[in-house]
Amino acid sequence: MEKRRFRPQMAPLLLKEFLEAWRDRRALWMAICFSLMFPVLLAGVTIFVVKKNTEETTRLALLGAEHAPLLERQLRGPNLEVEAVAEGSPRQLLNDGFDLVLQLPDNFSRDYRDFRAPPLYLYVDSSATSAGRAEHHLQERLNSLQQLVVSQRLTARGVAPQLLAPWQLQVRDVSTPSSRGALILAMVPGLLILTLFVASLATSVDTSAGERERLSLETLLLQPLPAWQVIAAKTLAVASLGWLGSLLAIAALVALMPVMPLAELGIQQATTTGGVLVMGLLLLPLALLVAVVQILLALRSSSFKDAQTQLSILQIAPVTLLMVLDAARVDLTDNYWQLVPLVAQQQWLKALLVGESVSAGWVLAGSLACLLLVAAAVAFGARALRRERLLNAE
């Protein structure tokens with residue numbers, strides 16, 4: 001009997017909620033624009049950083065190059081342009097477009113021949129954005145050149161250079177493209193989760209606090225409908241927008257991956273169309289949880305504007321939580337973390353983005369735990385709808 005009553009009552013209610021949610025052009029455009037915005041920004045930032053670090057050339061002005069003619073030739077190399085300058089102040093040369101100014105004193109040649117370690121004066125403008133990269137680049141070239149000179153001097157005097165270097169440190173990177181990708185793409189899961197909150201915010205406020213102020217919620221509650229069906233229908237409608245936003249963001253991110261210089265970062269693109277669908281399915285329970293929480297908070301707010309303010313603050317909470325966990329270096333590899341909403345979805349998405357596998361058993365368990373929270377929130381919301389003061393909130 002209950003099943004027969006459910007179909008004719010729930011179907012028109014679902015149709016009404018979905019039509020109202022998807023007819024709101026402002027909410028729909030907000031969901032679409034934000035979903036496409038952060039993948040485009042992420043791709044742009046990645047391309048800019050890689051090009052800046054790999055393609056930009058450091059311009060070095062060499063003052064007093066006549067005192068060490070070989071130094072100018074030895075310093076020249078890829079991404080380091082050396083120009084001998086006869087005169088000029090270091091500050092003026094930096095203002096004229098040089099990244100660094102290296103000055104040799106007049107007594108450099110004499111002190112160098114007498115093994116007195118003459119000083120080199122490096123001028124840098126620390127307020128420039130490229131100063132740190134340029135200085136690090138020149139320091140590496142000077143250090144390698146200095147080691148070469150020391151080795152030649154020792155060999156010329158019959159001393160083995162190994163006497164001053166009892167060992168040689170060789171760094172071997174054992175990281176994989178997946179592990180490097182997990183580090184670089186660590187922010188992406190948090191942004192995808194943030195998309196759920198932003199894409200469903202306007203609709204959740206309008207379907208709860210907005211309907212209460214328009215008095216349409218009171219009319220709806222006068223119908224012979226169980227309160228839990230009202231909350232469930234609103235949750236499904238709101239979650240559909242949030243889920244759409246996350247799917248668009250994932251699809252846009254994967255579509256932009258061929259444009260992003262992932263090879264220079266040591267990352268292999270491992271996400272396919274199937275991976276997009278899997279990530280979308282993983283976010284579906286979380287989309288339902290986000291939607292019902294937003295609806296409950298909006299219903300408990302005093303006004304439409306108050307609901308907007310509260311939910312706007314709520315948007316920051318998940319990203320802040322995930323950032324705190326990362327900054328605190330909390331070990332999230334324990335399987336029990338996969339039962340915690342937000343954290344579980346972050347770990348699954350991070351793994352899938354770089355081509356790693358996730359445990360189907362723990363995914364099902366984590367999704368079930370999330371759905372249980374959704375059911376509990378729907379039951380709590382149904383009880384709240386029976387309270388008369390809810391409709392008179394001010």
# chains A, B, ... in the order shown; residues from 1 in each chain; ligands from 1
>>> residues_around(residues="segment 32-48 of chain A", least_positions_apart="2", cutoff="8 Å", atoms="only C-alpha atoms", output="VMD selection string")
chain A and resid 28 to 30 50 to 52 191 195 198 to 199 245 to 246 248 to 249 252 to 253 256 to 257 259 to 261
>>> select_by_dssp(residues="segment 126-373 of chain A", states="helix (DSSP H, G or I)", output="ChimeraX atom specification")
/A:131-156,161-164,177-184,187-213,216-221,227-256,273-300,304-327,335-339,343-353,360-373
>>> residues_around(residues="Ala365 of chain A", least_positions_apart="5", cutoff="9 Å", atoms="only C-alpha atoms", output="PyMOL selection string")
chain A and resi 338-339+360+370
>>> write_last_selection(atoms="N, CA and C atoms", output="mmCIF file, in the first residue's frame")
data_model
loop_
_atom_site.group_PDB
_atom_site.id
_atom_site.type_symbol
_atom_site.label_atom_id
_atom_site.label_comp_id
_atom_site.auth_asym_id
_atom_site.auth_seq_id
_atom_site.Cartn_x
_atom_site.Cartn_y
_atom_site.Cartn_z
ATOM 1 N N GLN A 338 38.699 6.137 4.776
ATOM 2 C CA GLN A 338 37.834 6.040 3.613
ATOM 3 C C GLN A 338 36.358 5.926 3.985
ATOM 4 N N LEU A 339 36.082 5.872 5.279
ATOM 5 C CA LEU A 339 34.700 5.902 5.747
ATOM 6 C C LEU A 339 34.254 7.312 6.112
ATOM 7 N N ALA A 360 37.615 -1.326 -4.433
ATOM 8 C CA ALA A 360 36.171 -1.292 -4.655
ATOM 9 C C ALA A 360 35.408 -1.521 -3.354
ATOM 10 N N CYS A 370 28.384 7.447 3.640
ATOM 11 C CA CYS A 370 27.913 8.776 3.245
ATOM 12 C C CYS A 370 26.403 8.789 3.037
#
>>> residues_around(residues="segment 278-291 of chain A", least_positions_apart="3", cutoff="6 Å", atoms="only C-alpha atoms", output="MDAnalysis selection string")
chainID A and resid 235 238:239 243 247 275 294 371 374
>>> residues_around(residues="Leu104 of chain A", least_positions_apart="4", cutoff="10 Å", atoms="only C-alpha atoms", output="list in words")
Leu62, Leu63, Gly64, Ala65, Glu66, His67, Ala68, Phe108, Ser109, Pro118, Pro119, Leu120, Tyr121 and Leu122 of chain A
>>> select_by_dssp(residues="segment 106-281 of chain A", states="strand (DSSP E or B)", output="PyMOL selection string")
chain A and resi 121-124
>>> residues_around(residues="Leu94 of chain A", least_positions_apart="5", cutoff="8 Å", atoms="only C-alpha atoms", output="ChimeraX atom specification")
/A:99-101,124-125
>>> write_last_selection(atoms="C-alpha atoms", output="PDB file, in the first residue's frame")
ATOM      1  CA  ASP A  99      68.061  40.060 -14.029  1.00  0.00           C
ATOM      2  CA  LEU A 100      71.476  40.032 -12.324  1.00  0.00           C
ATOM      3  CA  VAL A 101      74.665  42.079 -12.263  1.00  0.00           C
ATOM      4  CA  VAL A 124      70.083  41.437  -7.413  1.00  0.00           C
ATOM      5  CA  ASP A 125      66.720  43.140  -7.058  1.00  0.00           C
TER       6      ASP A 125
END
>>> residues_around(residues="segment 315-327 of chain A", least_positions_apart="6", cutoff="12 Å", atoms="only C-alpha atoms", output="number ranges by chain")
A: 183, 186-202, 286, 290-291, 293-294, 308-309, 337, 340-347
>>> write_last_selection(atoms="N, CA and C atoms", output="compact mmCIF listing (two decimals), in the first residue's frame")
# COMPACT_ATOMS: atom_id res chain seq x y z
N LEU A 183 51.38 14.80 -5.81
CA LEU A 183 51.82 16.00 -5.10
C LEU A 183 51.37 17.26 -5.82
N ALA A 186 47.44 17.74 -5.87
CA ALA A 186 46.80 17.55 -4.56
C ALA A 186 45.64 18.50 -4.34
N MET A 187 45.69 19.67 -4.97
CA MET A 187 44.62 20.65 -4.75
C MET A 187 43.38 20.37 -5.58
N VAL A 188 43.49 19.56 -6.62
CA VAL A 188 42.37 19.34 -7.53
C VAL A 188 41.18 18.68 -6.83
N PRO A 189 41.35 17.60 -6.04
CA PRO A 189 40.18 17.01 -5.38
C PRO A 189 39.44 18.00 -4.49
N GLY A 190 40.18 18.83 -3.77
CA GLY A 190 39.53 19.83 -2.92
C GLY A 190 38.71 20.82 -3.73
N LEU A 191 39.23 21.21 -4.89
CA LEU A 191 38.49 22.14 -5.74
C LEU A 191 37.26 21.47 -6.36
N LEU A 192 37.36 20.19 -6.68
CA LEU A 192 36.20 19.47 -7.19
C LEU A 192 35.11 19.37 -6.12
N ILE A 193 35.52 19.14 -4.89
CA ILE A 193 34.55 19.09 -3.79
C ILE A 193 33.95 20.47 -3.55
N LEU A 194 34.79 21.50 -3.66
CA LEU A 194 34.27 22.87 -3.51
C LEU A 194 33.22 23.16 -4.58
N THR A 195 33.40 22.59 -5.77
CA THR A 195 32.43 22.80 -6.84
C THR A 195 31.05 22.31 -6.45
N LEU A 196 31.00 21.20 -5.71
CA LEU A 196 29.70 20.69 -5.25
C LEU A 196 28.98 21.74 -4.41
N PHE A 197 29.71 22.38 -3.52
CA PHE A 197 29.11 23.38 -2.64
C PHE A 197 28.66 24.61 -3.41
N VAL A 198 29.52 25.11 -4.29
CA VAL A 198 29.21 26.35 -5.02
C VAL A 198 28.07 26.13 -6.01
N ALA A 199 28.10 25.01 -6.73
CA ALA A 199 27.11 24.78 -7.77
C ALA A 199 25.70 24.59 -7.22
N SER A 200 25.60 24.08 -5.99
CA SER A 200 24.27 23.83 -5.43
C SER A 200 23.82 24.90 -4.43
N LEU A 201 24.65 25.91 -4.18
CA LEU A 201 24.34 26.89 -3.14
C LEU A 201 23.06 27.67 -3.45
N ALA A 202 23.00 28.28 -4.61
CA ALA A 202 21.85 29.15 -4.92
C ALA A 202 20.54 28.37 -4.91
N LEU A 286 28.39 12.15 -2.08
CA LEU A 286 28.79 13.39 -1.42
C LEU A 286 27.92 14.55 -1.90
N VAL A 290 26.01 16.99 0.65
CA VAL A 290 26.18 18.45 0.61
C VAL A 290 24.84 19.13 0.43
N ALA A 291 24.00 18.60 -0.46
CA ALA A 291 22.70 19.21 -0.74
C ALA A 291 21.81 19.22 0.49
N VAL A 293 22.62 18.95 3.67
CA VAL A 293 23.18 19.81 4.73
C VAL A 293 22.90 21.27 4.41
N GLN A 294 23.06 21.66 3.16
CA GLN A 294 22.78 23.05 2.78
C GLN A 294 21.30 23.38 2.99
N GLN A 308 22.09 32.72 2.77
CA GLN A 308 23.18 32.91 1.81
C GLN A 308 24.50 33.11 2.52
N THR A 309 24.49 33.89 3.60
CA THR A 309 25.73 34.16 4.34
C THR A 309 26.27 32.89 4.97
N TRP A 337 40.00 5.94 7.14
CA TRP A 337 39.72 7.30 6.67
C TRP A 337 38.78 7.27 5.47
N VAL A 340 35.18 8.28 6.05
CA VAL A 340 34.88 9.66 6.43
C VAL A 340 34.57 10.46 5.18
N PRO A 341 33.36 11.02 5.05
CA PRO A 341 33.05 11.84 3.88
C PRO A 341 34.02 13.01 3.75
N LEU A 342 34.19 13.50 2.57
CA LEU A 342 35.15 14.54 2.18
C LEU A 342 36.56 13.95 2.09
N VAL A 343 37.06 13.39 3.20
CA VAL A 343 38.41 12.82 3.19
C VAL A 343 38.47 11.63 2.24
N ALA A 344 37.45 10.77 2.31
CA ALA A 344 37.43 9.60 1.44
C ALA A 344 37.39 10.00 -0.03
N GLN A 345 36.50 10.92 -0.36
CA GLN A 345 36.40 11.36 -1.76
C GLN A 345 37.69 12.03 -2.23
N GLN A 346 38.33 12.77 -1.35
CA GLN A 346 39.59 13.40 -1.72
C GLN A 346 40.65 12.36 -2.07
N GLN A 347 40.77 11.32 -1.26
CA GLN A 347 41.76 10.28 -1.51
C GLN A 347 41.46 9.51 -2.78
>>> closest_residue(among="A:Ala131, A:Leu15, A:Ile250, A:Ala86", to="Leu353 of chain A", atoms="only C-alpha atoms")
A:Ile250
>>> atom_distance(atom1="atom CA of Ala382 of chain A", atom2="atom CA of Val230 of chain A")
7.8 Å
>>> closest_residue(among="A:Ala165, A:Leu311, A:Ala233, A:Ala31", to="Leu13 of chain A", atoms="only C-alpha atoms")
A:Ala233
